[in-house]
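Asker: Dropping a structure here in structure tokens format, bear with me for questions.
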Amino acid sequence: MSEYNLNEAEKKRKELVLYLRSMGINPFGEKFLTKYTNKELKEKFDKLQDKEVEAKGRIMVIRGHGKASFVVVRDFSSDIQLYFRFDNLGEEKYNFFKKAIDVGDFIGVRGPLFKTHTGEITVSVKEFVLLSKAIRLLPEKWHGVKDPELRYRKRYLDLISNRDVMELFVKRSKIIDAIRTFLKNKGFLEVETPMLQPVAGGAVAKPFVTHYNALDQDMYLRIAPELYLKRLIIGGFEKIFELNRNFRNEGISTKHNPEFTMMEVYWAYADYKEMMNLTEELICTTAKEVVKKETIQFKGDEINLKPPFKRISFKEAFKKYVGIDVEKLKDPKISEEILRKLDIKMDKAKTFGNVVNEIFDKKVEINFIQPTFVYDYPIEISPLAKRSRADPHTVERFELFIGGMELANAFSELNDPIDQYERFKEQAEARSSGEEETHVMDMDYVEAMEYGLPPTGGLGIGIDRLIMLLMNKESIREVILFPQLKNIDEEKK
């Protein structure tokens, strides 16, 4: 083990490890299972008072008073106090405790459970064992890691030091469980589709590329599971969902991480209106299950998640917040004028679809604080959605916005293979002219569609963003255990 960045106190701890080994004592001990967690010991105190119990965990505090010491030890469930006393342990064991045990170490103890005169439930230690010696000191004497960069880069220190962060990720797990339970209760079956795909389809995004040596061909980390899930609908499944990772080779921001958790749901014989109802019920039910309320706080706003959510068409929203009919942006001169007026600079080609997307992202969606479905999108920005029966220039698609950010995207799925082929062809032509973020031609999927895809409603929900909303966190990094960060030199770690 290198000592390149151990401080003097940590070097002494390392020397102690070597000393303990020389004395035949293992500083990194064996298993120590207990009947009760620390939390349960406190909850069951009336039943367990004066009985011998076992406790375990990481030492967070040591307060010594000569021949007696109080220790706070933490397991996953809670903290509990331990009482080390010379008269109970004897000279040899007590001196070993004073010499060898430090804050940060994992220990296991046995002894009777009692309550101090201040009312603190405590284990009076008769026996103890060192389970793992901590060589490095806990940060800031365990009072908390505050630097965000350090918190994200060394999440384990964040979890040790900031108990509320641990609770946040417990709730993340409960939110995901609640979503799964909701869908399964509705008759949806959870499935798994490939992460490694020969064609990066199902969304407009730049993929991560890798190479499959055995087949000598390039493969892609999936940007979306959509086209595989719809193959399953073609195969005969009717209500399915997948909750797993997607990967997109894009920038990092408070709302974007290149590896993120997405849920997609497909419902045969339904359309986007059923998906709207399903979405608002799912979000409200999940909030009530985990957060225990329908009204939440997010970025200083009070948001009511009780259905029904507000609904507004894409054309109405664009007109209301941009002040122009969206169709007029098909004129390049008007498009340039509006971009200049709104002070929006674009790196992408200024096609109608790209301009509309950019303006909507920058100027429209930020206005939707309360839950709002925006529906019936232009066909140019929705190559996988079904044409509207009322207007062939739009598609049956909605996006859900809450707190000024997109949380969900859904379609009545395009199930006409001829139309799908033509749209793929248009996207391929755009790609050949330099637009990287377009759908690629996927003839295998078109062939699958030619066997018949029933009318189907599809839905995608960004799980990380939903958790941001429910946990009132403004950055996606706060709700991902190990967010993507720029590498730093080994010497700086």
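Note on naming: chains are A, B, ... as they come in the structure tokens, residues start from 1 per chain, ligands start from 1 in the order shown.
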Taking 6 positions as the minimum chain separation for residues in the same chain, which residues sit within 7 Å of range 459-465 of chain A when counting only C-alpha atoms? Answer as a ChimeraX atom specification.

Answerer: /A:260-266,275,407-411,476,479

Asker: Using only C-alpha atoms, please write the residues we just selected to a file, as a short mmCIF file (atom, residue, chain, number, x, y, z; two decimals), in the first residue's frame.

Answerer:
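File result_22.cif, as written:
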data_model
loop_
_atom_site.label_atom_id
_atom_site.label_comp_id
_atom_site.auth_asym_id
_atom_site.auth_seq_id
_atom_site.Cartn_x
_atom_site.Cartn_y
_atom_site.Cartn_z
CA PHE A 260 -28.97 7.36 -16.80
CA THR A 261 -31.97 5.29 -15.73
CA MET A 262 -34.96 5.18 -18.04
CA MET A 263 -38.23 3.32 -17.88
CA GLU A 264 -40.14 2.49 -21.06
CA VAL A 265 -43.67 1.07 -21.08
CA TYR A 266 -45.59 -0.40 -24.03
CA MET A 275 -50.50 6.59 -21.63
CA LEU A 407 -40.00 13.98 -17.26
CA ALA A 408 -41.79 11.79 -19.79
CA ASN A 409 -42.19 11.28 -23.52
CA ALA A 410 -44.90 9.13 -25.10
CA PHE A 411 -46.44 8.22 -28.44
CA ILE A 476 -29.08 14.97 -11.30
CA VAL A 479 -29.60 11.38 -7.11
#

Asker: Between CA of Arg74 in chain A and CA of Asp158 in chain A, measure the distance and give it in Å to one decimal.

Answerer: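 Rounded to one decimal, the two atoms are 14.6 Å apart.
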
Asker: Please indicate the distance in Å from CA of Glu422 in chain A to CA of Asp218 in chain A, rounded to one decimal place.

Answerer: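 Taking CA of Glu422 in chain A as the start and CA of Asp218 in chain A as the end point, the length is 25.5 Å.
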
Asker: Which value, in Å to one decimal, gives the distance between CA of Lys341 in chain A and CA of Val355 in chain A?

Answerer: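 Between CA of Lys341 in chain A and CA of Val355 in chain A the gap is 13.2 Å.
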
Asker: Quick one: which range 425-490 of chain A residues come within 10 Å of range 377-394 of chain A, and what is the nearest atom pair for each with the distance in Å to one decimal, counting only C-alpha atoms, rows ordered by chain and ascending number, as a Markdown table?

Answerer:
| residue | atom | partner | partner_atom | distance |
| --- | --- | --- | --- | --- |
| A:Glu426 | CA | A:Pro383 | CA | 9.3 |
| A:Gln427 | CA | A:Pro383 | CA | 8.2 |
| A:Thr438 | CA | A:Pro383 | CA | 9.4 |
| A:His439 | CA | A:Pro383 | CA | 7.9 |
| A:Pro455 | CA | A:Lys386 | CA | 9.3 |
| A:Thr456 | CA | A:Lys386 | CA | 9.6 |
| A:Gly457 | CA | A:Ala385 | CA | 9.6 |
| A:Gly458 | CA | A:Ala385 | CA | 9.2 |

Asker: Restricting it to C-alpha atoms, dump the selection as a compact mmCIF listing (two decimals), in the first residue's frame.

Answerer:
# COMPACT_ATOMS: atom_id res chain seq x y z
CA GLU A 426 -35.46 10.98 -44.48
CA GLN A 427 -33.44 10.70 -41.26
CA THR A 438 -30.71 11.50 -36.25
CA HIS A 439 -32.30 8.08 -36.40
CA PRO A 455 -51.86 -0.13 -32.35
CA THR A 456 -49.66 0.56 -29.31
CA GLY A 457 -49.09 3.25 -26.73
CA GLY A 458 -45.49 3.79 -25.63

Asker: Can you list, as a list in words, every protein, DNA or RNA residue that comes within 8 Å of range 25-34 of chain A when you count only C-alpha atoms, leaving out same-chain residues fewer than 5 positions away?

Answerer: Val17, Leu20, Glu54, Ala55, Lys56, Gly108, Val129, Leu130, Leu131, Ser132 and Lys133 of chain A

Asker: With only C-alpha atoms as the counted atoms, please give the residues lying no more than 12 Å from Glu149 in chain A, apart from itself and same-chain residues fewer than 4 positions off, as a PyMOL selection string.

Answerer: chain A and resi 145+153-155+157-158+477-478+482-488+493

Asker: Those selected residues, please, written with N, CA and C atoms and delivered as an mmCIF file, in the first residue's frame.

Answerer:
data_model
loop_
_atom_site.group_PDB
_atom_site.id
_atom_site.type_symbol
_atom_site.label_atom_id
_atom_site.label_comp_id
_atom_site.auth_asym_id
_atom_site.auth_seq_id
_atom_site.Cartn_x
_atom_site.Cartn_y
_atom_site.Cartn_z
ATOM 1 N N VAL A 145 -18.958 15.775 4.594
ATOM 2 C CA VAL A 145 -18.237 16.176 3.390
ATOM 3 C C VAL A 145 -19.100 17.234 2.707
ATOM 4 N N ARG A 153 -17.263 12.397 -6.283
ATOM 5 C CA ARG A 153 -16.125 11.577 -6.699
ATOM 6 C C ARG A 153 -15.855 10.456 -5.705
ATOM 7 N N LYS A 154 -16.071 10.745 -4.430
ATOM 8 C CA LYS A 154 -15.846 9.741 -3.390
ATOM 9 C C LYS A 154 -17.149 9.565 -2.614
ATOM 10 N N ARG A 155 -18.126 8.998 -3.308
ATOM 11 C CA ARG A 155 -19.474 8.902 -2.738
ATOM 12 C C ARG A 155 -19.473 8.131 -1.420
ATOM 13 N N LEU A 157 -17.435 8.380 1.016
ATOM 14 C CA LEU A 157 -17.221 9.330 2.111
ATOM 15 C C LEU A 157 -18.483 10.152 2.357
ATOM 16 N N ASP A 158 -19.164 10.505 1.286
ATOM 17 C CA ASP A 158 -20.428 11.234 1.396
ATOM 18 C C ASP A 158 -21.443 10.421 2.190
ATOM 19 N N ARG A 477 -26.826 14.917 -10.342
ATOM 20 C CA ARG A 477 -25.707 14.280 -9.641
ATOM 21 C C ARG A 477 -26.059 13.917 -8.205
ATOM 22 N N GLU A 478 -27.029 14.635 -7.644
ATOM 23 C CA GLU A 478 -27.421 14.373 -6.259
ATOM 24 C C GLU A 478 -28.169 13.055 -6.121
ATOM 25 N N PHE A 482 -23.048 7.303 -8.449
ATOM 26 C CA PHE A 482 -21.732 7.578 -9.017
ATOM 27 C C PHE A 482 -21.898 8.304 -10.350
ATOM 28 N N PRO A 483 -22.162 9.621 -10.306
ATOM 29 C CA PRO A 483 -22.322 10.374 -11.554
ATOM 30 C C PRO A 483 -21.009 10.444 -12.325
ATOM 31 N N GLN A 484 -21.131 10.656 -13.627
ATOM 32 C CA GLN A 484 -19.940 10.738 -14.467
ATOM 33 C C GLN A 484 -19.192 12.036 -14.180
ATOM 34 N N LEU A 485 -17.873 11.928 -13.981
ATOM 35 C CA LEU A 485 -17.032 13.089 -13.700
ATOM 36 C C LEU A 485 -15.797 13.038 -14.582
ATOM 37 N N LYS A 486 -15.218 14.194 -14.784
ATOM 38 C CA LYS A 486 -13.977 14.250 -15.549
ATOM 39 C C LYS A 486 -12.859 13.602 -14.747
ATOM 40 N N ASN A 487 -12.007 12.821 -15.417
ATOM 41 C CA ASN A 487 -10.887 12.167 -14.740
ATOM 42 C C ASN A 487 -9.929 13.195 -14.166
ATOM 43 N N ILE A 488 -9.319 12.843 -13.036
ATOM 44 C CA ILE A 488 -8.273 13.676 -12.469
ATOM 45 C C ILE A 488 -7.007 12.847 -12.399
ATOM 46 N N LYS A 493 -5.788 12.265 -6.570
ATOM 47 C CA LYS A 493 -6.876 11.493 -5.973
ATOM 48 C C LYS A 493 -6.671 11.385 -4.470
#

Asker: Any chance you could list, as a PyMOL selection string, the residues in range 38-286 of chain A that come up strand (DSSP E) when DSSP is run on the backbone?

Answerer: chain A and resi 52-65+68-74+79-85+106-115+121-124+127-132+189-190+196-197+209-212+217-221+239-247+259-268
